[in-house]
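Okay, structure first, notes after.
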Number of protein chains: 2
Amino acid sequence: MTAAGGRRSVPAMTVKLLVLYTPPEDADAFDAHYAGTHMPLVAKIPGLLRTETGLIGAAIDGGEKSFYRITELFFEDQGALQAGFGSDEGKATAADYQKIAPPGSRMFVVPVDD
Amino acid sequence: MTAAGGRRSVPAMTVKLLVLYTPPEDADAFDAHYAGTHMPLVAKIPGLLRTETGLIGAAIDGGEKSFYRITELFFEDQGALQAGFGSDEGKATAADYQKIAPPGSRMFVVPVDD
């Protein structure tokens with residue numbers, strides 16, 4: 001499928017929002033907020049294709065365990081991600097992220113190669 | 001499906017090996033080694049279900065860009081991951097990782113929630 005319009009079309013590339021949460025001070029409180037409030041907000045973001053999340057287990061590189069949880073939100077392309085977070089639901093999610101994410105948590109946009 | 005044997009069975013949970021590469025000094029050399037040597041080694045690991053990889057784009061948290069590429073290797077469960085990296089192919093991949101990964105790169109085991 002090609003994009004409409006006069007510009008040269010490029011293949012759409014799945015994009016994910018990669019979130020790396022640092023360890024929370026109160027893991028129980030974080031987990032409760034994450035599961036009970038944050039992910040239900042995420043689920044409402046328009047254009048969200050799927051989420052993948054997991055607690056980060058062993059660091060097998062000898063380094064310190066600097067992250068607690070990884071969450072990835074998948075969108076069809078960069079435009080869909082931007083539209084999703086520009087929506088009211090996306091803004092509500094972003095506001096809640098500011099409440100839940102421990103200091104040093106990271107967030108990146110990653111175009112998926114394959 | 002339940003595990004064989006006398007112990008209480010638990011549901012198998014997809015596990016991924018999460019690798020976060022820090023920015024290489026020579027991105028072209030890294031990219032060539034990654035695509036031409038490293039990922040072909042990864043592809044031979046027994047039990048590997050799939051890989052997902054992408055260049056890390058914008059950091060949208062205001063922080064510095066501390067990672068260059070994310071790679072995730074999926075296995076059926078923890079045992080399959082361990083068996084994969086215990087194989088000759090897994091050991092060859094791990095040895096090549098030591099050559100390719102810039103200092104500060106991180107590697108974690110992540111059981112996937114959903």
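Following the order of the structure tokens, chains are lettered A, B, ..., residues in each are numbered from 1, and ligands are numbered from 1.
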
* Could you pull out the residues in range 2-75 of chain B that DSSP calls alpha helix (DSSP H) from the backbone, as a list in words? => Ala27, Asp28, Ala29, Phe30, Asp31, Ala32, His33, Met39, Pro40, Leu41, Val42 and Ala43 of chain B

* To do: Using only C-alpha atoms, determine which residues of chain B fall within 9 Å of chain A; present them as a ChimeraX atom specification.
  => /B:18,51-63,65,69-70,104-114

Please dump the current selection as a PDB file, in the first residue's frame; keep C-alpha atoms.
ATOM      1  CA  LEU B  18      16.590  -7.570  25.842  1.00  0.00           C
ATOM      2  CA  THR B  51      13.852 -11.289  16.816  1.00  0.00           C
ATOM      3  CA  GLU B  52      12.791  -7.670  16.905  1.00  0.00           C
ATOM      4  CA  THR B  53      15.276  -4.884  16.474  1.00  0.00           C
ATOM      5  CA  GLY B  54      15.394  -1.197  15.696  1.00  0.00           C
ATOM      6  CA  LEU B  55      17.554   1.866  15.859  1.00  0.00           C
ATOM      7  CA  ILE B  56      16.597   3.969  18.825  1.00  0.00           C
ATOM      8  CA  GLY B  57      15.324   7.272  17.561  1.00  0.00           C
ATOM      9  CA  ALA B  58      14.370  10.325  19.479  1.00  0.00           C
ATOM     10  CA  ALA B  59      14.552  10.336  23.252  1.00  0.00           C
ATOM     11  CA  ILE B  60      11.301  12.081  24.065  1.00  0.00           C
ATOM     12  CA  ASP B  61      11.880  12.391  27.769  1.00  0.00           C
ATOM     13  CA  GLY B  62      14.363  15.231  27.628  1.00  0.00           C
ATOM     14  CA  GLY B  63      17.154  12.899  28.664  1.00  0.00           C
ATOM     15  CA  LYS B  65      20.255   9.565  24.088  1.00  0.00           C
ATOM     16  CA  ARG B  69      19.873   0.106  19.137  1.00  0.00           C
ATOM     17  CA  ILE B  70      17.425  -2.248  20.861  1.00  0.00           C
ATOM     18  CA  GLY B 104      27.848   0.254  28.783  1.00  0.00           C
ATOM     19  CA  SER B 105      25.551  -1.848  26.609  1.00  0.00           C
ATOM     20  CA  ARG B 106      22.998  -3.728  28.697  1.00  0.00           C
ATOM     21  CA  MET B 107      21.446  -7.163  28.539  1.00  0.00           C
ATOM     22  CA  PHE B 108      18.438  -8.349  30.542  1.00  0.00           C
ATOM     23  CA  VAL B 109      16.085 -11.305  30.664  1.00  0.00           C
ATOM     24  CA  VAL B 110      12.430 -10.216  30.526  1.00  0.00           C
ATOM     25  CA  PRO B 111       9.467 -12.552  31.023  1.00  0.00           C
ATOM     26  CA  VAL B 112       6.738 -11.080  28.824  1.00  0.00           C
ATOM     27  CA  ASP B 113       3.461 -10.412  30.637  1.00  0.00           C
ATOM     28  CA  ASP B 114       1.138 -10.504  27.686  1.00  0.00           C
TER      29      ASP B 114
END

* Just give me the gap between CA of Thr14 in chain A and CA of Asp77 in chain A in Å, one decimal is fine. => 4.9 Å

* **Non-local contacts of Pro46 in chain B (8 Å; only C-alpha atoms; under 4 positions in same chain excluded) as a ChimeraX atom specification** => /B:83-84,87,89-90

Once you have the residues from the selection above, write them out as a compact mmCIF listing (two decimals), in the first residue's frame, restricted to all heavy atoms.
# COMPACT_ATOMS: atom_id res chain seq x y z
N ALA B 83 18.82 -22.98 27.13
CA ALA B 83 19.32 -24.03 26.24
C ALA B 83 19.91 -23.42 24.98
O ALA B 83 20.94 -23.87 24.47
CB ALA B 83 18.18 -25.00 25.89
N GLY B 84 19.25 -22.38 24.47
CA GLY B 84 19.74 -21.73 23.26
C GLY B 84 21.14 -21.16 23.45
O GLY B 84 22.02 -21.34 22.60
N SER B 87 24.00 -23.69 23.75
CA SER B 87 24.40 -24.41 22.53
C SER B 87 25.66 -23.78 21.93
O SER B 87 26.04 -22.66 22.27
CB SER B 87 23.26 -24.35 21.50
OG SER B 87 23.14 -23.01 21.01
N GLU B 89 25.93 -22.64 18.97
CA GLU B 89 25.51 -21.44 18.24
C GLU B 89 25.30 -20.27 19.19
O GLU B 89 25.63 -19.12 18.88
CB GLU B 89 24.22 -21.71 17.46
CG GLU B 89 24.36 -22.75 16.36
CD GLU B 89 24.19 -24.18 16.84
OE1 GLU B 89 24.14 -24.42 18.07
OE2 GLU B 89 24.09 -25.08 15.98
N GLY B 90 24.71 -20.58 20.35
CA GLY B 90 24.51 -19.53 21.35
C GLY B 90 25.83 -18.99 21.88
O GLY B 90 25.99 -17.78 22.08

Surrounding residues of Ala95 in chain A excluding itself and chain neighbours under 6 positions, 12 Å, only C-alpha atoms, as a CSV table (one decimal) with C-alpha atoms, in the first residue's frame:
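Output file selection_11.csv is given in full below:
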chain,number,residue,atom,x,y,z
A,37,THR,CA,-4.7,3.0,36.3
A,38,HIS,CA,-1.9,3.4,33.8
A,41,LEU,CA,-5.4,4.6,30.0
A,42,VAL,CA,-2.8,3.3,27.5
A,85,PHE,CA,-0.4,11.0,21.8
A,88,ASP,CA,-7.2,13.4,24.6
A,89,GLU,CA,-6.6,9.8,25.6
A,101,ALA,CA,7.5,7.0,36.2

* Asked: What gap, in Å, lies between CA of Pro23 in chain A and CA of Ala43 in chain A?
  ->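 Answer for the CA of Pro23 in chain A to CA of Ala43 in chain A separation: 23.1 Å.
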
* From chain B, collect each residue whose DSSP state is strand (DSSP E) and return the set as a list in words. =>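 Of chain B, the ones in strand (DSSP E) are Val15, Lys16, Leu17, Leu18, Val19, Leu20, Tyr21, Arg50, Thr51, Glu52, Thr53, Gly54, Leu55, Arg69, Ile70, Thr71, Glu72, Leu73, Phe74, Phe75, Arg106, Met107, Phe108, Val109, Val110 and Pro111 of chain B.
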
* Asked: Expressed in Å to a single decimal, how great is the separation between CA of Ala94 in chain B and CA of Asp31 in chain B?
  ->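 Distance between the two atoms: 17.3 Å.
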
With a distance cut-off of 10 Å and only C-alpha atoms, select the neighbouring residues of Tyr34 in chain B, excluding the residue or stretch itself and same-chain residues fewer than 6 positions from it, and output the selection as a PDB file with N, CA, C and O atoms, in the first residue's frame.
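This went into result33.pdb:
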ATOM      1  N   ASP B  28      29.034   3.138  11.293  1.00  0.00           N
ATOM      2  CA  ASP B  28      29.035   2.370  10.047  1.00  0.00           C
ATOM      3  C   ASP B  28      29.640   0.982  10.263  1.00  0.00           C
ATOM      4  O   ASP B  28      29.110  -0.020   9.771  1.00  0.00           O
ATOM      5  N   PRO B  40      23.234 -12.875  11.664  1.00  0.00           N
ATOM      6  CA  PRO B  40      23.261 -14.250  11.125  1.00  0.00           C
ATOM      7  C   PRO B  40      23.632 -15.289  12.187  1.00  0.00           C
ATOM      8  O   PRO B  40      23.120 -16.413  12.144  1.00  0.00           O
ATOM      9  N   LEU B  41      24.487 -14.926  13.138  1.00  0.00           N
ATOM     10  CA  LEU B  41      24.792 -15.844  14.242  1.00  0.00           C
ATOM     11  C   LEU B  41      23.570 -16.023  15.137  1.00  0.00           C
ATOM     12  O   LEU B  41      23.218 -17.137  15.530  1.00  0.00           O
ATOM     13  N   ASP B  96      30.545 -13.206  19.939  1.00  0.00           N
ATOM     14  CA  ASP B  96      30.504 -12.088  18.986  1.00  0.00           C
ATOM     15  C   ASP B  96      29.923 -10.838  19.632  1.00  0.00           C
ATOM     16  O   ASP B  96      30.350  -9.714  19.329  1.00  0.00           O
ATOM     17  N   TYR B  97      28.972 -11.032  20.535  1.00  0.00           N
ATOM     18  CA  TYR B  97      28.415  -9.887  21.277  1.00  0.00           C
ATOM     19  C   TYR B  97      29.509  -9.141  22.027  1.00  0.00           C
ATOM     20  O   TYR B  97      29.511  -7.897  22.070  1.00  0.00           O
ATOM     21  N   ILE B 100      31.113  -6.856  19.582  1.00  0.00           N
ATOM     22  CA  ILE B 100      30.336  -5.795  18.931  1.00  0.00           C
ATOM     23  C   ILE B 100      29.766  -4.772  19.909  1.00  0.00           C
ATOM     24  O   ILE B 100      29.597  -3.607  19.568  1.00  0.00           O
ATOM     25  N   ALA B 101      29.459  -5.188  21.122  1.00  0.00           N
ATOM     26  CA  ALA B 101      28.704  -4.305  22.024  1.00  0.00           C
ATOM     27  C   ALA B 101      29.590  -3.192  22.575  1.00  0.00           C
ATOM     28  O   ALA B 101      30.589  -3.470  23.230  1.00  0.00           O
TER      29      ALA B 101
END
